[in-house]
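Trainee: This is the structure I have questions about; it appears just below.
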Amino acid sequence: MLSACASHSGSDEQSKQVDPWEGVNRKVFAFNMGLDKWLFRPVAKTYDFITPAPIQTGIGNFFSNIGEVGNVANDVMQLKWKQAGNDSLRFAVNSTVGLLGVLDVASRVGLEENEGEDVGQTLAHWGVAQGPYVVLPFLGPSTVREGLALPVDFYVLDPVAYIDRQAVLNTMVGTRLVHNRAGLFDIEELASGDLYVFMRDAYLQRREYLENDGEVALDYEDEFGDEDF
(Lines give C-alpha, C1' and ligand atoms only; values in the text may rest on other atoms or scores of the structure.)
Protein backbone atom coordinates (compact mmCIF):
# COMPACT_ATOMS: atom_id res chain seq x y z
CA MET A 1 0.00 0.00 0.00
CA LEU A 2 2.90 2.36 0.64
CA SER A 3 3.76 2.38 -3.04
CA ALA A 4 0.61 4.38 -3.66
CA CYS A 5 1.82 7.18 -1.44
CA ALA A 6 3.61 9.20 -4.09
CA SER A 7 1.30 12.16 -3.64
CA HIS A 8 2.64 12.62 -0.09
CA SER A 9 6.30 11.80 -0.64
CA GLY A 10 7.05 13.42 -3.97
CA SER A 11 8.78 16.79 -4.26
CA ASP A 12 10.14 18.96 -1.46
CA GLU A 13 7.45 21.50 -2.29
CA GLN A 14 4.72 18.90 -1.79
CA SER A 15 6.29 17.86 1.52
CA LYS A 16 6.32 21.45 2.73
CA GLN A 17 2.63 21.79 1.90
CA VAL A 18 1.73 18.60 3.74
CA ASP A 19 4.24 19.01 6.59
CA PRO A 20 5.04 22.73 7.09
CA TRP A 21 5.98 22.11 10.75
CA GLU A 22 8.50 19.37 9.99
CA GLY A 23 11.20 20.82 12.24
CA VAL A 24 9.03 20.74 15.35
CA ASN A 25 7.40 17.47 14.29
CA ARG A 26 10.78 15.77 14.05
CA LYS A 27 11.64 16.82 17.61
CA VAL A 28 8.34 15.42 18.94
CA PHE A 29 8.87 12.30 16.81
CA ALA A 30 12.32 11.80 18.39
CA PHE A 31 10.80 12.17 21.87
CA ASN A 32 8.09 9.62 21.06
CA MET A 33 10.62 7.17 19.62
CA GLY A 34 12.75 7.44 22.75
CA LEU A 35 9.72 6.80 24.94
CA ASP A 36 8.78 3.83 22.79
CA LYS A 37 12.31 2.41 22.88
CA TRP A 38 12.65 2.53 26.65
CA LEU A 39 9.06 1.93 27.76
CA PHE A 40 6.34 0.86 25.34
CA ARG A 41 8.33 -1.51 23.15
CA PRO A 42 9.87 -3.55 26.01
CA VAL A 43 6.49 -3.87 27.72
CA ALA A 44 4.84 -4.88 24.43
CA LYS A 45 7.62 -7.40 23.76
CA THR A 46 7.05 -8.98 27.17
CA TYR A 47 3.30 -9.08 26.58
CA ASP A 48 3.81 -10.68 23.16
CA PHE A 49 6.19 -13.28 24.63
CA ILE A 50 4.11 -14.38 27.62
CA THR A 51 0.60 -14.11 26.14
CA PRO A 52 -0.51 -17.06 24.00
CA ALA A 53 -1.75 -16.19 20.52
CA PRO A 54 -5.37 -17.29 21.18
CA ILE A 55 -5.55 -15.00 24.20
CA GLN A 56 -4.10 -12.12 22.21
CA THR A 57 -6.75 -12.75 19.56
CA GLY A 58 -9.47 -12.67 22.23
CA ILE A 59 -8.12 -9.41 23.65
CA GLY A 60 -8.04 -7.86 20.19
CA ASN A 61 -11.58 -9.04 19.51
CA PHE A 62 -12.77 -7.59 22.82
CA PHE A 63 -11.41 -4.12 22.09
CA SER A 64 -12.57 -4.25 18.47
CA ASN A 65 -16.06 -5.00 19.74
CA ILE A 66 -15.96 -2.00 22.08
CA GLY A 67 -14.87 0.07 19.08
CA GLU A 68 -18.10 -0.80 17.26
CA VAL A 69 -19.89 1.78 19.44
CA GLY A 70 -17.83 4.59 17.93
CA ASN A 71 -18.12 2.99 14.50
CA VAL A 72 -21.90 3.04 14.64
CA ALA A 73 -22.01 6.65 15.85
CA ASN A 74 -19.77 7.77 12.99
CA ASP A 75 -21.63 5.58 10.49
CA VAL A 76 -24.81 7.47 11.38
CA MET A 77 -23.12 10.88 11.25
CA GLN A 78 -21.83 9.99 7.77
CA LEU A 79 -25.26 8.69 6.68
CA LYS A 80 -23.85 5.19 6.08
CA TRP A 81 -27.06 3.46 7.05
CA LYS A 82 -26.20 -0.03 5.75
CA GLN A 83 -22.84 -0.01 7.50
CA ALA A 84 -24.47 1.33 10.67
CA GLY A 85 -26.86 -1.61 10.64
CA ASN A 86 -24.05 -4.10 10.05
CA ASP A 87 -21.88 -2.65 12.83
CA SER A 88 -24.82 -2.49 15.25
CA LEU A 89 -25.60 -6.15 14.65
CA ARG A 90 -21.93 -7.05 15.04
CA PHE A 91 -21.88 -5.36 18.43
CA ALA A 92 -25.10 -7.05 19.54
CA VAL A 93 -24.03 -10.53 18.43
CA ASN A 94 -20.47 -10.38 19.73
CA SER A 95 -21.48 -8.77 23.03
CA THR A 96 -23.86 -11.62 23.77
CA VAL A 97 -23.08 -14.86 21.92
CA GLY A 98 -19.46 -13.79 21.54
CA LEU A 99 -18.92 -13.44 25.29
CA LEU A 100 -18.48 -9.64 25.44
CA GLY A 101 -16.66 -9.68 22.12
CA VAL A 102 -13.90 -12.12 23.02
CA LEU A 103 -15.19 -14.37 20.22
CA ASP A 104 -15.90 -12.81 16.82
CA VAL A 105 -19.08 -14.77 16.17
CA ALA A 106 -20.48 -12.00 13.97
CA SER A 107 -17.91 -12.55 11.23
CA ARG A 108 -18.77 -16.25 11.17
CA VAL A 109 -22.42 -15.47 10.44
CA GLY A 110 -21.67 -13.02 7.64
CA LEU A 111 -21.46 -9.72 9.50
CA GLU A 112 -18.09 -8.58 8.22
CA GLU A 113 -15.87 -6.26 10.23
CA ASN A 114 -15.30 -2.89 8.57
CA GLU A 115 -12.09 -0.86 8.57
CA GLY A 116 -13.47 1.35 11.34
CA GLU A 117 -14.81 4.90 11.53
CA ASP A 118 -13.76 7.86 13.64
CA VAL A 119 -14.64 11.52 14.05
CA GLY A 120 -11.78 12.56 11.77
CA GLN A 121 -13.37 10.56 8.95
CA THR A 122 -16.75 12.08 9.75
CA LEU A 123 -15.30 15.59 9.53
CA ALA A 124 -13.69 14.66 6.21
CA HIS A 125 -17.04 13.36 4.96
CA TRP A 126 -18.57 16.78 5.60
CA GLY A 127 -15.78 18.64 3.85
CA VAL A 128 -13.52 19.71 6.71
CA ALA A 129 -9.94 20.07 5.42
CA GLN A 130 -7.34 17.88 7.12
CA GLY A 131 -4.83 20.68 7.64
CA PRO A 132 -1.08 20.15 8.10
CA TYR A 133 0.51 16.98 9.36
CA VAL A 134 1.41 17.09 13.05
CA VAL A 135 3.13 14.68 15.45
CA LEU A 136 1.49 14.69 18.88
CA PRO A 137 3.46 13.91 22.05
CA PHE A 138 2.73 10.34 23.22
CA LEU A 139 0.00 9.88 20.56
CA GLY A 140 2.11 10.04 17.40
CA PRO A 141 1.14 10.92 13.81
CA SER A 142 -1.94 13.05 13.19
CA THR A 143 -3.23 16.06 11.27
CA VAL A 144 -4.87 19.20 12.60
CA ARG A 145 -8.32 17.79 11.80
CA GLU A 146 -7.65 14.39 13.35
CA GLY A 147 -6.02 16.01 16.38
CA LEU A 148 -9.11 18.12 17.05
CA ALA A 149 -11.30 15.03 16.64
CA LEU A 150 -9.34 12.84 19.07
CA PRO A 151 -10.99 14.14 22.29
CA VAL A 152 -14.41 13.21 20.92
CA ASP A 153 -13.16 9.75 19.91
CA PHE A 154 -11.51 9.15 23.29
CA TYR A 155 -13.86 10.82 25.77
CA VAL A 156 -17.29 10.78 24.12
CA LEU A 157 -17.53 7.77 21.79
CA ASP A 158 -15.26 5.30 23.61
CA PRO A 159 -17.20 3.25 26.19
CA VAL A 160 -13.99 2.71 28.16
CA ALA A 161 -13.99 6.41 29.09
CA TYR A 162 -17.20 5.91 31.10
CA ILE A 163 -15.73 3.35 33.50
CA ASP A 164 -16.08 4.79 37.01
CA ARG A 165 -13.49 2.68 38.83
CA GLN A 166 -10.05 4.17 38.23
CA ALA A 167 -8.21 0.88 38.64
CA VAL A 168 -10.39 -0.82 36.02
CA LEU A 169 -10.09 2.18 33.69
CA ASN A 170 -6.30 2.18 33.97
CA THR A 171 -6.14 -1.56 33.33
CA MET A 172 -8.34 -1.30 30.26
CA VAL A 173 -6.43 1.64 28.79
CA GLY A 174 -3.05 0.09 29.55
CA THR A 175 -3.96 -3.32 28.13
CA ARG A 176 -5.31 -1.81 24.93
CA LEU A 177 -2.23 0.36 24.52
CA VAL A 178 0.19 -2.54 25.01
CA HIS A 179 -1.85 -4.87 22.77
CA ASN A 180 -1.96 -2.30 19.97
CA ARG A 181 1.77 -1.65 20.28
CA ALA A 182 2.51 -5.37 20.06
CA GLY A 183 0.52 -5.47 16.84
CA LEU A 184 3.04 -3.13 15.19
CA PHE A 185 6.03 -5.45 15.37
CA ASP A 186 5.45 -6.91 11.90
CA ILE A 187 5.01 -3.44 10.40
CA GLU A 188 8.36 -2.32 11.84
CA GLU A 189 10.10 -4.73 9.47
CA LEU A 190 8.73 -2.80 6.47
CA ALA A 191 10.30 0.49 7.54
CA SER A 192 13.19 1.78 5.46
CA GLY A 193 15.06 5.00 4.80
CA ASP A 194 14.11 8.07 6.81
CA LEU A 195 11.85 6.63 9.50
CA TYR A 196 10.14 9.97 10.09
CA VAL A 197 9.18 10.28 6.41
CA PHE A 198 8.17 6.62 6.28
CA MET A 199 5.82 7.02 9.24
CA ARG A 200 4.39 10.28 7.94
CA ASP A 201 3.66 8.93 4.48
CA ALA A 202 2.24 5.67 5.83
CA TYR A 203 -0.07 7.57 8.17
CA LEU A 204 -1.31 10.02 5.53
CA GLN A 205 -1.93 7.25 3.03
CA ARG A 206 -3.83 5.22 5.60
CA ARG A 207 -6.02 8.22 6.41
CA GLU A 208 -6.72 8.77 2.73
CA TYR A 209 -7.63 5.10 2.37
CA LEU A 210 -10.05 5.25 5.31
CA GLU A 211 -11.65 8.55 4.29
CA ASN A 212 -12.35 7.18 0.81
CA ASP A 213 -13.62 3.84 2.10
CA GLY A 214 -10.75 1.95 0.54
CA GLU A 215 -10.86 3.71 -2.82
CA VAL A 216 -7.47 5.34 -3.42
CA ALA A 217 -6.60 6.18 -6.98
CA LEU A 218 -3.40 7.76 -8.23
CA ASP A 219 -3.58 10.36 -10.94
CA TYR A 220 -0.86 8.89 -13.15
CA GLU A 221 -0.85 11.78 -15.58
CA ASP A 222 -0.08 14.18 -12.72
CA GLU A 223 2.50 11.90 -11.14
CA PHE A 224 4.27 10.47 -14.17
CA GLY A 225 3.22 12.54 -17.16
CA ASP A 226 1.64 11.06 -20.27
CA GLU A 227 4.07 8.17 -20.83
CA ASP A 228 2.66 4.78 -21.72
CA PHE A 229 3.47 1.99 -19.31
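A note on labels: chains of the C-alpha coordinates are A, B, ... as shown, every chain counts residues from 1, and ligands are counted from 1 in their shown order.
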Would you return as a ChimeraX atom specification the members of segment 115-226 of chain A that DSSP assigns to helix (DSSP H, G or I) on this structure's backbone?
Mentor: /A:119-125,144-155,159-162,166-182,185-188,195-211,220-224
Trainee: Per residue of segment 118-222 of chain A within 9 Å of segment 44-61 of chain A, what are the shortest atom pair and its distance in Å to one decimal, counting only C-alpha atoms, with rows by chain and residue number, as CSV?
Mentor:
```
residue,atom,partner,partner_atom,distance
A:Thr175,CA,A:Ile59,CA,8.6
A:Arg176,CA,A:Gly60,CA,8.2
A:Leu177,CA,A:Ala44,CA,8.8
A:Val178,CA,A:Ala44,CA,5.2
A:His179,CA,A:Ala44,CA,6.9
A:Asn180,CA,A:Gly60,CA,8.2
A:Arg181,CA,A:Ala44,CA,6.1
A:Ala182,CA,A:Ala44,CA,5.0
A:Gly183,CA,A:Ala44,CA,8.8
A:Phe185,CA,A:Lys45,CA,8.8
```
Trainee: Have a look at A:Leu150, A:Ala106, A:Leu89, A:Val160 and name the one nearest to Leu123 of chain A; count only C-alpha atoms.
Mentor: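 Distance minimum relative to Leu123 of chain A lands on A:Leu150.
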Trainee: Using Å and a single decimal, report how far atom CA of Met77 of chain A sits from atom CA of Glu112 of chain A.
Mentor: 20.3 Å
Trainee: So which residues touch Arg26 of chain A within 12 Å, counting only C-alpha atoms, skipping near sequence neighbours fewer than 2 positions away, as an MDAnalysis selection string?
Mentor: chainID A and resid 19:24 28:33 133:137 140:141 194:197 199:200
